[in-house]
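Dumped my_file_33.cif below, it's mmCIF, C-alpha atoms:
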data_target
#
loop_
_atom_site.label_atom_id
_atom_site.label_comp_id
_atom_site.auth_asym_id
_atom_site.auth_seq_id
_atom_site.Cartn_x
_atom_site.Cartn_y
_atom_site.Cartn_z
CA MET A 23 9.25 -35.71 -0.11
CA LYS A 24 6.25 -33.51 0.66
CA THR A 25 7.88 -32.38 3.89
CA MET A 26 11.09 -31.60 2.02
CA PHE A 27 9.35 -29.47 -0.58
CA ALA A 28 7.27 -27.77 2.11
CA ALA A 29 10.48 -26.86 3.92
CA PHE A 30 12.04 -25.50 0.72
CA ALA A 31 8.93 -23.43 0.03
CA SER A 32 9.01 -22.17 3.61
CA ALA A 33 12.65 -21.13 3.19
CA LEU A 34 11.65 -19.07 0.16
CA LEU A 35 8.73 -17.54 2.02
CA ILE A 36 10.98 -16.64 4.95
CA ALA A 37 13.40 -15.03 2.48
CA VAL A 38 10.65 -12.86 0.98
CA ILE A 39 9.48 -11.83 4.44
CA ALA A 40 13.08 -11.00 5.39
CA GLN A 41 13.43 -8.79 2.32
CA VAL A 42 10.26 -6.91 3.22
CA ALA A 43 11.55 -6.53 6.78
CA TYR A 44 14.88 -5.15 5.56
CA ASP A 45 13.09 -2.65 3.38
CA ASN A 46 11.13 -1.39 6.36
CA ALA A 47 13.81 -1.65 9.03
CA GLY A 48 15.71 1.47 8.05
CA PHE A 49 18.97 -0.28 7.27
CA SER A 50 19.60 0.99 3.75
CA SER A 51 22.84 2.89 3.17
CA ALA A 52 20.87 6.06 2.60
CA GLU A 53 19.06 5.73 5.89
CA ARG A 54 22.09 4.64 7.92
CA GLN A 55 24.82 6.84 6.46
CA ALA A 56 23.10 10.08 5.52
CA ALA A 57 23.06 13.16 7.71
CA SER A 58 21.25 16.43 7.28
CA SER A 59 24.26 17.79 5.42
CA VAL A 60 25.10 14.62 3.47
CA ARG A 61 22.54 13.05 1.19
CA LEU A 62 23.02 9.59 -0.17
CA ASN A 63 19.62 9.21 -1.81
CA MET B 28 41.95 21.50 14.98
CA ILE B 29 45.62 22.02 14.10
CA ARG B 30 45.78 18.60 12.53
CA ALA B 31 42.67 19.24 10.54
CA PHE B 32 44.22 22.47 9.28
CA LEU B 33 47.42 20.64 8.38
CA PHE B 34 45.37 18.06 6.61
CA LEU B 35 43.71 20.76 4.57
CA ILE B 36 47.07 22.21 3.71
CA ALA B 37 48.49 18.86 2.77
CA PHE B 38 45.63 18.35 0.33
CA THR B 39 45.45 21.78 -1.22
CA LEU B 40 48.94 23.23 -1.32
CA PRO B 41 50.42 20.76 -3.75
CA ALA B 42 47.79 21.73 -6.25
CA MET B 43 48.36 25.41 -5.65
CA ALA B 44 52.12 25.15 -5.86
CA GLN B 45 52.48 23.40 -9.17
CA GLU B 46 51.09 25.73 -11.72
CA GLY B 47 52.45 25.25 -15.16
CA VAL B 48 53.85 21.81 -14.51
CA SER B 49 54.08 19.64 -17.57
CA VAL B 50 55.50 16.23 -18.32
CA ASP B 51 56.50 14.38 -21.38
CA VAL B 52 55.12 10.99 -22.19
CA ILE B 53 57.12 8.66 -24.32
CA PRO B 54 54.72 6.25 -25.97
CA PRO B 55 55.65 2.64 -25.20
CA GLY B 56 58.11 1.46 -27.74
CA GLY B 57 58.58 5.00 -28.98
CA THR B 58 61.75 7.00 -29.18
CA ALA B 59 62.76 10.45 -28.11
CA PRO B 60 61.38 12.25 -31.17
CA ASP B 61 57.90 10.78 -30.37
CA VAL B 62 57.71 12.39 -26.94
CA GLN B 63 54.37 13.94 -26.18
CA SER B 64 54.01 16.85 -23.86
CA LEU B 65 51.13 16.87 -21.41
CA ASP B 66 50.04 20.16 -20.03
CA ARG B 67 49.19 19.77 -16.35
CA SER B 68 48.79 23.41 -15.56
CA ALA B 69 45.03 23.05 -15.30
CA THR B 70 45.41 20.60 -12.43
CA GLY B 71 48.39 22.24 -10.80
CA GLY B 72 50.58 19.28 -11.62
CA ALA B 73 48.14 16.59 -10.58
CA PRO B 74 47.37 13.80 -13.05
CA THR B 75 45.11 14.73 -15.92
CA LEU B 76 42.81 12.76 -18.19
CA ALA B 77 45.73 12.51 -20.60
CA ASP B 78 47.78 10.79 -17.87
CA ILE B 79 45.02 8.27 -17.35
CA MET B 80 44.67 7.64 -21.08
CA ALA B 81 48.43 7.18 -21.39
CA ARG B 82 48.48 4.70 -18.54
CA GLN B 83 45.58 2.74 -19.97
CA GLN B 84 47.25 2.70 -23.38
CA ALA B 85 50.45 1.40 -21.79
CA GLN B 86 48.56 -1.33 -19.94
CA ARG B 87 46.81 -2.35 -23.14
CA GLU B 88 50.26 -2.82 -24.61
CA GLY B 89 51.42 -4.97 -21.74
CA GLN B 90 53.23 -2.40 -19.59
CA ASP B 91 52.39 -1.43 -16.05
CA GLN B 92 53.02 2.26 -16.52
CA PRO B 93 53.74 4.58 -19.45
CA VAL B 94 57.31 5.75 -19.76
CA LEU B 95 57.25 9.28 -18.45
CA ASN B 96 59.84 11.88 -19.03
CA ASN B 97 59.83 13.72 -15.73
CA ALA B 98 62.89 15.76 -16.40
CA SER B 99 61.09 19.06 -16.06
CA ARG B 100 59.46 18.00 -12.82
CA ALA B 101 62.69 16.66 -11.34
CA ALA B 102 64.39 19.95 -12.05
CA ASP B 103 61.80 21.82 -10.02
CA THR B 104 62.65 20.62 -6.53
CA GLY B 105 61.94 21.76 -3.05
CA GLY B 106 58.33 22.79 -3.41
CA ILE B 107 55.48 21.14 -1.65
CA GLY B 108 54.52 18.12 -3.65
CA LEU B 109 57.77 18.17 -5.59
CA PRO B 110 60.94 16.16 -5.00
CA MET B 111 62.51 17.07 -1.65
CA THR B 112 65.92 18.60 -1.26
CA ASP B 113 65.97 19.47 2.44
CA ASP B 114 65.98 17.32 5.55
CA LEU B 115 62.63 16.32 6.93
CA GLY B 116 61.55 18.06 10.10
CA THR B 117 58.45 19.63 11.55
CA LEU B 118 56.46 20.46 8.48
CA GLY B 119 59.64 20.17 6.47
CA GLY B 120 59.90 18.57 3.12
CA ALA B 121 57.05 18.10 0.75
CA SER B 122 54.78 16.16 3.06
CA ASP B 123 53.80 15.64 6.66
CA PRO B 124 54.54 11.97 7.29
CA GLU B 125 53.10 12.01 10.79
CA LEU B 126 49.84 13.33 9.47
CA TRP B 127 49.70 10.79 6.68
CA ARG B 128 50.74 8.00 9.03
CA GLY B 129 47.97 9.07 11.37
CA ILE B 130 45.47 9.04 8.54
CA ARG B 131 46.73 5.72 7.23
CA PHE B 132 46.57 3.96 10.60
CA ASN B 133 43.53 5.84 11.85
CA SER B 134 45.42 7.15 14.87
CA ILE B 135 44.42 10.82 14.72
CA PRO B 136 41.03 12.28 15.52
CA ILE B 137 39.09 13.04 12.36
CA THR B 138 35.63 14.51 12.22
CA THR B 139 33.29 14.52 9.26
CA GLN B 140 29.81 15.71 8.48
CA GLN B 141 28.97 12.22 7.31
CA ARG B 142 27.71 10.29 10.32
CA GLY B 143 28.35 6.70 9.28
CA PRO B 144 30.42 4.60 11.68
CA ALA B 145 33.25 4.22 9.19
CA ALA B 146 33.17 7.75 7.82
CA THR B 147 36.21 8.97 9.73
CA VAL B 148 38.48 6.28 8.35
CA LEU B 149 40.03 8.06 5.37
CA ILE B 150 42.53 5.35 4.50
CA GLN B 151 41.72 1.79 5.50
CA ASP B 152 45.14 0.24 5.72
CA GLY B 153 43.94 -3.29 6.47
CA GLY B 154 41.84 -3.38 3.34
CA MET B 155 44.59 -4.65 1.09
CA THR B 156 45.47 -7.43 3.52
CA TRP B 157 41.84 -8.53 3.48
CA LEU B 158 41.61 -8.25 -0.30
CA LYS B 159 44.72 -10.39 -0.76
CA TRP B 160 43.46 -12.94 1.74
CA ARG B 161 40.08 -13.15 0.06
CA ALA B 162 41.52 -13.38 -3.43
CA GLY B 163 44.38 -15.67 -2.40
CA PRO B 164 44.40 -18.21 0.43
CA LEU B 165 40.64 -18.22 1.00
CA ARG B 166 39.82 -19.02 -2.61
CA ILE B 167 42.76 -21.35 -3.16
CA TRP B 168 42.65 -23.42 0.05
CA GLY B 169 38.87 -23.32 0.28
CA GLY B 170 38.58 -24.56 -3.29
CA ILE B 171 41.19 -27.25 -2.70
CA LEU B 172 39.37 -28.41 0.44
CA LEU B 173 36.09 -28.90 -1.43
CA LEU B 174 37.69 -30.60 -4.43
CA VAL B 175 39.80 -32.91 -2.25
CA THR B 176 36.71 -33.80 -0.19
CA LEU B 177 34.77 -34.69 -3.33
CA ALA B 178 37.73 -36.70 -4.63
CA LEU B 179 38.05 -38.61 -1.35
CA LEU B 180 34.34 -39.40 -1.32
CA ALA B 181 34.56 -40.66 -4.90
CA LEU B 182 37.58 -42.77 -3.95
CA PHE B 183 35.75 -44.11 -0.90
CA PHE B 184 32.81 -45.05 -3.09
CA VAL B 185 35.11 -46.86 -5.49
CA ILE B 186 36.84 -48.77 -2.69
CA ARG B 187 33.93 -49.48 -0.35
CA GLY B 188 30.99 -49.24 -2.70
CA ARG B 189 27.49 -48.64 -1.45
CA ILE B 190 26.90 -49.80 2.09
CA ARG B 191 24.10 -52.31 1.62
CA ILE B 192 21.50 -53.65 4.01
CA GLU B 193 23.13 -56.98 4.73
CA GLY B 194 20.35 -58.97 6.36
CA PRO B 195 17.00 -59.94 4.85
CA ARG B 196 14.49 -57.13 4.61
CA THR B 197 11.56 -57.51 6.98
CA GLY B 198 9.09 -55.37 5.09
CA ARG B 199 8.34 -53.59 8.34
CA THR B 200 9.39 -50.03 9.04
CA LEU B 201 10.22 -48.00 12.11
CA LEU B 202 9.34 -44.34 12.51
CA ARG B 203 12.71 -42.62 12.65
CA PHE B 204 11.87 -38.94 12.25
CA LYS B 205 8.54 -37.22 12.76
CA THR B 206 7.24 -34.71 10.24
CA TYR B 207 8.34 -31.65 12.19
CA GLU B 208 11.85 -33.14 12.58
CA ARG B 209 12.12 -33.69 8.84
CA PHE B 210 10.80 -30.21 8.22
CA GLY B 211 13.48 -28.73 10.47
CA HIS B 212 16.15 -30.83 8.77
CA TRP B 213 15.12 -29.86 5.24
CA LEU B 214 14.69 -26.21 6.17
CA THR B 215 18.28 -26.17 7.39
CA ALA B 216 19.57 -28.38 4.58
CA GLY B 217 17.81 -26.59 1.73
CA SER B 218 18.83 -23.16 2.94
CA PHE B 219 22.41 -24.29 3.58
CA ILE B 220 22.74 -25.60 0.02
CA ALA B 221 21.35 -22.34 -1.36
CA LEU B 222 23.74 -20.38 0.85
CA ALA B 223 26.71 -22.55 -0.12
CA ILE B 224 26.04 -22.19 -3.86
CA THR B 225 25.49 -18.44 -3.71
CA GLY B 226 28.44 -17.98 -1.35
CA LEU B 227 30.71 -19.82 -3.77
CA LEU B 228 29.31 -17.76 -6.64
CA VAL B 229 30.05 -14.51 -4.81
CA LEU B 230 33.57 -15.65 -3.93
CA PHE B 231 34.53 -17.20 -7.26
CA GLY B 232 32.25 -15.38 -9.70
CA ARG B 233 34.78 -12.76 -10.65
CA ILE B 234 37.40 -15.32 -11.67
CA ALA B 235 35.21 -18.25 -12.73
CA PHE B 236 31.98 -16.81 -14.08
CA ILE B 237 33.02 -13.60 -15.84
CA PRO B 238 35.62 -15.26 -18.10
CA LEU B 239 32.93 -17.69 -19.32
CA PHE B 240 29.80 -15.54 -19.50
CA GLY B 241 31.10 -11.98 -19.42
CA ALA B 242 30.41 -9.16 -16.99
CA GLU B 243 26.91 -8.67 -18.43
CA GLY B 244 26.11 -12.30 -17.72
CA TRP B 245 27.59 -12.10 -14.25
CA ALA B 246 25.72 -9.00 -13.09
CA PRO B 247 22.23 -10.57 -12.71
CA VAL B 248 23.73 -13.71 -11.18
CA ALA B 249 25.62 -11.61 -8.64
CA ILE B 250 22.49 -9.63 -7.75
CA ALA B 251 20.43 -12.80 -7.40
CA SER B 252 23.16 -14.48 -5.35
CA LYS B 253 23.28 -11.55 -2.96
CA TRP B 254 19.48 -11.54 -2.60
CA VAL B 255 19.34 -15.26 -1.91
CA HIS B 256 22.34 -15.23 0.42
CA ASN B 257 21.07 -12.30 2.50
CA ASN B 258 17.50 -13.51 2.80
CA ILE B 259 17.66 -17.31 2.85
CA SER B 260 20.10 -16.92 5.76
CA TRP B 261 17.09 -16.39 8.05
CA ALA B 262 15.61 -19.75 7.07
CA PHE B 263 18.97 -21.34 7.87
CA MET B 264 19.07 -19.72 11.29
CA ILE B 265 15.50 -20.77 12.07
CA GLY B 266 16.26 -24.33 10.95
CA LEU B 267 19.40 -24.34 13.06
CA VAL B 268 17.45 -23.41 16.17
CA MET B 269 14.89 -26.10 15.34
CA ILE B 270 17.36 -28.94 14.96
CA PHE B 271 19.23 -27.85 18.08
CA PHE B 272 16.17 -28.11 20.30
CA MET B 273 14.85 -31.22 18.55
CA TRP B 274 18.00 -33.30 18.80
CA VAL B 275 20.39 -31.83 21.35
CA LEU B 276 19.56 -34.35 24.10
CA GLN B 277 20.08 -37.29 21.76
CA ASN B 278 23.42 -35.90 20.60
CA ILE B 279 25.06 -35.63 23.99
CA PRO B 280 28.13 -37.90 23.84
CA ASN B 281 28.12 -41.13 25.85
CA LYS B 282 30.25 -44.25 26.27
CA ASP B 283 28.71 -45.97 23.25
CA ASP B 284 30.26 -43.28 21.10
CA LEU B 285 33.75 -44.25 22.24
CA ILE B 286 33.15 -47.83 21.15
CA TRP B 287 31.69 -46.66 17.84
CA LEU B 288 34.68 -44.41 17.20
CA ALA B 289 37.19 -47.08 18.28
CA ARG B 290 35.73 -49.42 15.66
CA GLY B 291 35.61 -46.70 13.00
CA GLY B 292 31.86 -46.91 12.84
CA GLY B 293 32.18 -50.32 11.23
CA ILE B 294 32.74 -48.71 7.85
CA PHE B 295 35.52 -51.14 7.00
CA GLY B 296 35.28 -54.74 8.04
CA LYS B 297 32.45 -57.00 9.01
CA GLY B 298 29.74 -56.49 11.58
CA HIS B 299 27.94 -53.43 12.82
CA VAL B 300 28.68 -51.24 15.80
CA PRO B 301 25.83 -50.74 18.28
CA ALA B 302 24.46 -47.20 18.27
CA ARG B 303 21.56 -45.26 19.72
CA LYS B 304 19.38 -42.96 17.64
CA PHE B 305 22.48 -41.05 16.54
CA ASN B 306 25.87 -42.71 16.25
CA ALA B 307 29.12 -40.90 17.07
CA GLY B 308 29.67 -39.85 13.47
CA GLN B 309 26.23 -38.27 13.30
CA LYS B 310 26.85 -36.56 16.63
CA ILE B 311 30.08 -35.08 15.29
CA ILE B 312 28.20 -33.74 12.27
CA PHE B 313 25.43 -32.42 14.54
CA TRP B 314 27.82 -30.44 16.70
CA ILE B 315 29.79 -29.19 13.69
CA VAL B 316 26.53 -27.96 12.16
CA ILE B 317 25.32 -26.39 15.41
CA LEU B 318 28.59 -24.69 16.39
CA GLY B 319 29.69 -23.90 12.84
CA GLY B 320 26.19 -22.75 11.94
CA ALA B 321 26.05 -20.50 15.00
CA SER B 322 29.41 -19.02 14.11
CA LEU B 323 28.32 -18.55 10.49
CA SER B 324 25.13 -16.90 11.72
CA VAL B 325 26.92 -14.44 13.98
CA SER B 326 29.54 -13.46 11.41
CA GLY B 327 26.79 -13.33 8.77
CA LEU B 328 24.65 -11.03 10.90
CA SER B 329 27.71 -8.84 11.40
CA MET B 330 27.90 -8.44 7.62
CA LEU B 331 24.15 -8.20 7.19
CA PHE B 332 24.03 -5.17 9.47
CA PRO B 333 27.30 -3.40 8.61
CA PHE B 334 29.23 -1.91 11.54
CA GLU B 335 26.41 -2.70 13.98
CA LEU B 336 27.80 -5.94 15.42
CA PRO B 337 31.58 -5.63 15.78
CA MET B 338 32.96 -8.63 17.61
CA PHE B 339 36.51 -9.37 16.55
CA ALA B 340 38.28 -6.72 18.63
CA SER B 341 36.68 -8.05 21.83
CA THR B 342 37.27 -11.66 20.73
CA PHE B 343 40.92 -10.94 19.97
CA GLY B 344 41.20 -9.21 23.35
CA LEU B 345 39.88 -12.30 25.11
CA LEU B 346 42.21 -14.58 23.15
CA ASN B 347 45.16 -12.32 24.02
CA ASP B 348 44.21 -12.39 27.70
CA TRP B 349 44.07 -16.18 27.63
CA GLY B 350 47.46 -16.25 25.90
CA LEU B 351 46.29 -18.45 23.04
CA PRO B 352 47.94 -16.51 20.17
CA GLN B 353 51.19 -16.41 22.12
CA LEU B 354 50.89 -20.14 22.78
CA VAL B 355 51.07 -20.89 19.05
CA GLY B 356 53.92 -18.48 18.43
CA LEU B 357 51.90 -15.47 17.35
CA GLY B 358 52.10 -12.02 18.80
CA PRO B 359 49.07 -10.45 20.43
CA LEU B 360 46.20 -10.12 17.97
CA PRO B 361 45.16 -6.58 17.03
CA ILE B 362 42.44 -5.16 19.24
CA ASP B 363 42.28 -1.64 17.86
CA LEU B 364 40.30 -2.38 14.71
CA THR B 365 38.64 0.04 12.33
CA PRO B 366 34.96 -0.60 11.57
CA GLN B 367 35.95 -1.85 8.13
CA GLU B 368 38.45 -4.30 9.61
CA GLU B 369 35.74 -5.74 11.82
CA MET B 370 33.72 -6.40 8.67
CA GLN B 371 36.72 -7.85 6.87
CA TYR B 372 37.55 -10.26 9.68
CA SER B 373 33.88 -11.28 9.71
CA GLN B 374 34.01 -12.02 5.99
CA ILE B 375 37.23 -14.05 6.21
CA TRP B 376 35.98 -16.02 9.21
CA HIS B 377 32.60 -16.54 7.53
CA GLY B 378 34.38 -17.94 4.48
CA ILE B 379 36.68 -20.25 6.45
CA VAL B 380 33.86 -21.72 8.54
CA ALA B 381 31.61 -22.03 5.50
CA PHE B 382 34.24 -23.98 3.55
CA GLY B 383 34.79 -26.31 6.50
CA MET B 384 31.08 -26.89 6.97
CA THR B 385 30.49 -27.42 3.27
CA ALA B 386 33.16 -30.13 3.21
CA VAL B 387 31.50 -31.87 6.17
CA ILE B 388 28.07 -31.57 4.56
CA PHE B 389 29.42 -33.15 1.37
CA ALA B 390 30.24 -36.23 3.45
CA HIS B 391 26.83 -36.06 5.15
CA ILE B 392 24.99 -35.87 1.83
CA TYR B 393 27.06 -38.73 0.45
CA LEU B 394 26.29 -41.07 3.35
CA GLY B 395 22.64 -40.02 3.42
CA SER B 396 22.11 -40.76 -0.26
CA VAL B 397 24.30 -42.86 -2.56
CA GLY B 398 26.71 -43.98 0.15
CA MET B 399 24.30 -46.05 2.23
CA GLU B 400 21.29 -48.06 1.15
CA GLY B 401 18.17 -47.20 3.11
CA ALA B 402 19.60 -44.07 4.75
CA TYR B 403 17.66 -41.56 2.65
CA ASP B 404 14.34 -43.03 3.75
CA ALA B 405 14.97 -41.71 7.25
CA MET B 406 14.63 -38.13 6.04
CA GLY B 407 12.71 -38.79 2.83
CA LYS B 408 9.82 -40.78 4.25
CA GLY B 409 10.53 -40.60 7.96
CA GLU B 410 10.41 -44.40 8.24
CA VAL B 411 13.24 -46.84 7.78
CA GLU B 412 13.41 -50.54 7.04
CA GLU B 413 13.58 -52.43 10.33
CA GLN B 414 16.63 -54.40 9.21
CA TRP B 415 18.47 -51.16 8.36
CA ALA B 416 17.68 -49.82 11.83
CA VAL B 417 18.89 -53.01 13.51
CA GLU B 418 22.14 -52.93 11.56
CA HIS B 419 23.00 -49.25 11.98
CA HIS B 420 21.24 -48.12 15.16
CA SER B 421 20.72 -51.37 17.03
CA ILE B 422 20.29 -49.91 20.55
CA TRP B 423 17.68 -47.44 19.30
CA ALA B 424 15.94 -50.03 17.10
CA GLU B 425 15.66 -52.58 19.89
CA LYS B 426 14.18 -49.98 22.21
CA ILE B 427 11.63 -48.83 19.62
CA MET B 428 10.68 -52.40 18.70
CA ALA B 429 10.34 -53.34 22.38
CA GLU B 430 7.97 -50.44 22.91
CA ARG B 431 6.02 -51.34 19.79
CA ASP B 432 5.75 -54.98 20.72
CA ARG B 433 4.64 -54.38 24.31
CA PRO B 434 1.24 -56.06 24.73
CA GLY B 435 -0.60 -52.82 25.41
CA ASN B 436 0.89 -51.15 22.32
CA ALA B 437 0.01 -53.85 19.80
CA PRO B 438 -1.76 -52.34 16.80
CA ALA B 439 -5.43 -53.24 16.51
CA GLU B 440 -6.14 -55.80 13.82
#
Could the structure of this file be written out as structure tokens, please?
Amino acid sequence: MKTMFAAFASALLIAVIAQVAYDNAGFSSAERQAASSVRLN
Amino acid sequence: MIRAFLFLIAFTLPAMAQEGVSVDVIPPGGTAPDVQSLDRSATGGAPTLADIMARQQAQREGQDQPVLNNASRAADTGGIGLPMTDDLGTLGGASDPELWRGIRFNSIPITTQQRGPAATVLIQDGGMTWLKWRAGPLRIWGGILLLVTLALLALFFVIRGRIRIEGPRTGRTLLRFKTYERFGHWLTAGSFIALAITGLLVLFGRIAFIPLFGAEGWAPVAIASKWVHNNISWAFMIGLVMIFFMWVLQNIPNKDDLIWLARGGGIFGKGHVPARKFNAGQKIIFWIVILGGASLSVSGLSMLFPFELPMFASTFGLLNDWGLPQLVGLGPLPIDLTPQEEMQYSQIWHGIVAFGMTAVIFAHIYLGSVGMEGAYDAMGKGEVEEQWAVEHHSIWAEKIMAERDRPGNAPAE
């Protein structure tokens, strides 16, 4: 059971890390779709 | 350049040509004396706020459209944007069908200042096909698959009951899965369940959740579902890689699997079928999880990074070259896909594979919990009752016990 809960907690931790990575990876719509003449933010 | 100019004309001239156009709206259920006149001169004949309000009012009263009196418009024919009176030809009539066809099917070069990969697709013709597929067959058949699977498992439980440990318990246990194996399993399992629940919420929320809890209740659930689905997916992919490397060698099919399958795994009838660490049924689930999970991961990544990982055009091209669509009576699959269509095919495929895998996992969860006595211990504690191992994985159990009982391996008293 301890292993199971540790795995679940790890999944949540990985999810939080993934969210931080997304935020810093430059993949938001504003960053991907905007050009100098078109602002999306 | 010429087409861009024509495009500009097609958009702007109708508005310029229809000054002073007005229509009459007959309120639903009304009669001629109740006709309202809408002044469209401000928009050059294009719909106004009053048009929108009239349409919404009609829909509130159960009609698709308000009853419009277009007599004045019909009388003014021949202009651009107005009913046509002449034959169509180059730039003839009120429209340029070639231009609009080109825009609709994305077959003319369009440039924009916006630099996104899908920015030059002005009309995405395949979008409605995708929308209907998502709202129709995917929901209906996917939902039926899951419900029928649950019903069959319930029926199986009623008929067969719980598969008990038949022989006397020994009180001794065998180590079946080490800690890191159980960690990999639960990382994959826990994330898959979270992904399945949030995926179902995203697919069915609009029709199942909103009617019960309202749009205000749905909004935070939808946001949370998206967050969980996008981010937990990485835990699933890591778990998938773990279980592949941990168990792939033990899941390679062998002759024992043919015997196991021929005897139906011993589910019905007396006696147990010899099996190694994983029996044929478990191997089938393993490969479904690995291959299905890989496919889910790839299509999921395609949606996670929009327009960055297109793969269906090239896949369809390969399938066409191999002649597979033609073999089953289909024409060649489309290979000239818009960026949006790539995403839409990814979503549909993601949904189909996810439904299939969820149904299989239902069966896996059933057999690993209520369906079979002693099975949960394998992943819960890592150790199983020796008698359970002898009954369900006799080849593996005998090997492990022989190793344990070798003189040099006897535990110190």
For Asn257 (chain B), list every protein, DNA or RNA residue within 10 Å, evaluated using all atoms listed in the file, and leave out those in the same chain fewer than 4 positions away; present the list as number ranges by chain. A: 37, 40-41, 44; B: 222, 225, 251-253, 261, 327-328, 330-331
Please save C-alpha atoms of the selected residues as a compact mmCIF listing (two decimals), keeping the file's coordinate frame.
# COMPACT_ATOMS: atom_id res chain seq x y z
CA ALA A 37 13.40 -15.03 2.48
CA ALA A 40 13.08 -11.00 5.39
CA GLN A 41 13.43 -8.79 2.32
CA TYR A 44 14.88 -5.15 5.56
CA LEU B 222 23.74 -20.38 0.85
CA THR B 225 25.49 -18.44 -3.71
CA ALA B 251 20.43 -12.80 -7.40
CA SER B 252 23.16 -14.48 -5.35
CA LYS B 253 23.28 -11.55 -2.96
CA TRP B 261 17.09 -16.39 8.05
CA GLY B 327 26.79 -13.33 8.77
CA LEU B 328 24.65 -11.03 10.90
CA MET B 330 27.90 -8.44 7.62
CA LEU B 331 24.15 -8.20 7.19
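Restricting the calculation to all atoms listed in the file, the smallest distance between Ala28 (chain A) and any of B:Leu214, B:Ala424, B:Ala429, B:Leu360 is found for B:Leu214.
Between Leu158 (chain B) and the candidates B:Ile311, B:Met338, B:Leu230, B:Ile137, the tightest atom-to-atom separation, counting only C-alpha atoms, involves B:Leu230.
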Please, which residues of chain B lie no more than 12 Å from chain A when the count uses only C-alpha atoms, and can they be set out as a PyMOL selection string? chain B and resi 139-146+204-222+253-266+331-335+403-409
One-decimal distance in Å that lies between CA of Glu369 (chain B) and CA of Phe339 (chain B): 6.0 Å
The PyMOL selection byres ((chain B and resi 340) around 8) - which residues does that actually catch in the file I just gave you? List them as a PyMOL selection string. chain B and resi 337-339+341-344+361-364+369
Got time to write the residues from that selection, C-alpha atoms, as an mmCIF file, keeping the file's coordinate frame?
data_model
loop_
_atom_site.group_PDB
_atom_site.id
_atom_site.type_symbol
_atom_site.label_atom_id
_atom_site.label_comp_id
_atom_site.auth_asym_id
_atom_site.auth_seq_id
_atom_site.Cartn_x
_atom_site.Cartn_y
_atom_site.Cartn_z
ATOM 1 C CA PRO B 337 31.580 -5.630 15.780
ATOM 2 C CA MET B 338 32.960 -8.630 17.610
ATOM 3 C CA PHE B 339 36.510 -9.370 16.550
ATOM 4 C CA SER B 341 36.680 -8.050 21.830
ATOM 5 C CA THR B 342 37.270 -11.660 20.730
ATOM 6 C CA PHE B 343 40.920 -10.940 19.970
ATOM 7 C CA GLY B 344 41.200 -9.210 23.350
ATOM 8 C CA PRO B 361 45.160 -6.580 17.030
ATOM 9 C CA ILE B 362 42.440 -5.160 19.240
ATOM 10 C CA ASP B 363 42.280 -1.640 17.860
ATOM 11 C CA LEU B 364 40.300 -2.380 14.710
ATOM 12 C CA GLU B 369 35.740 -5.740 11.820
#
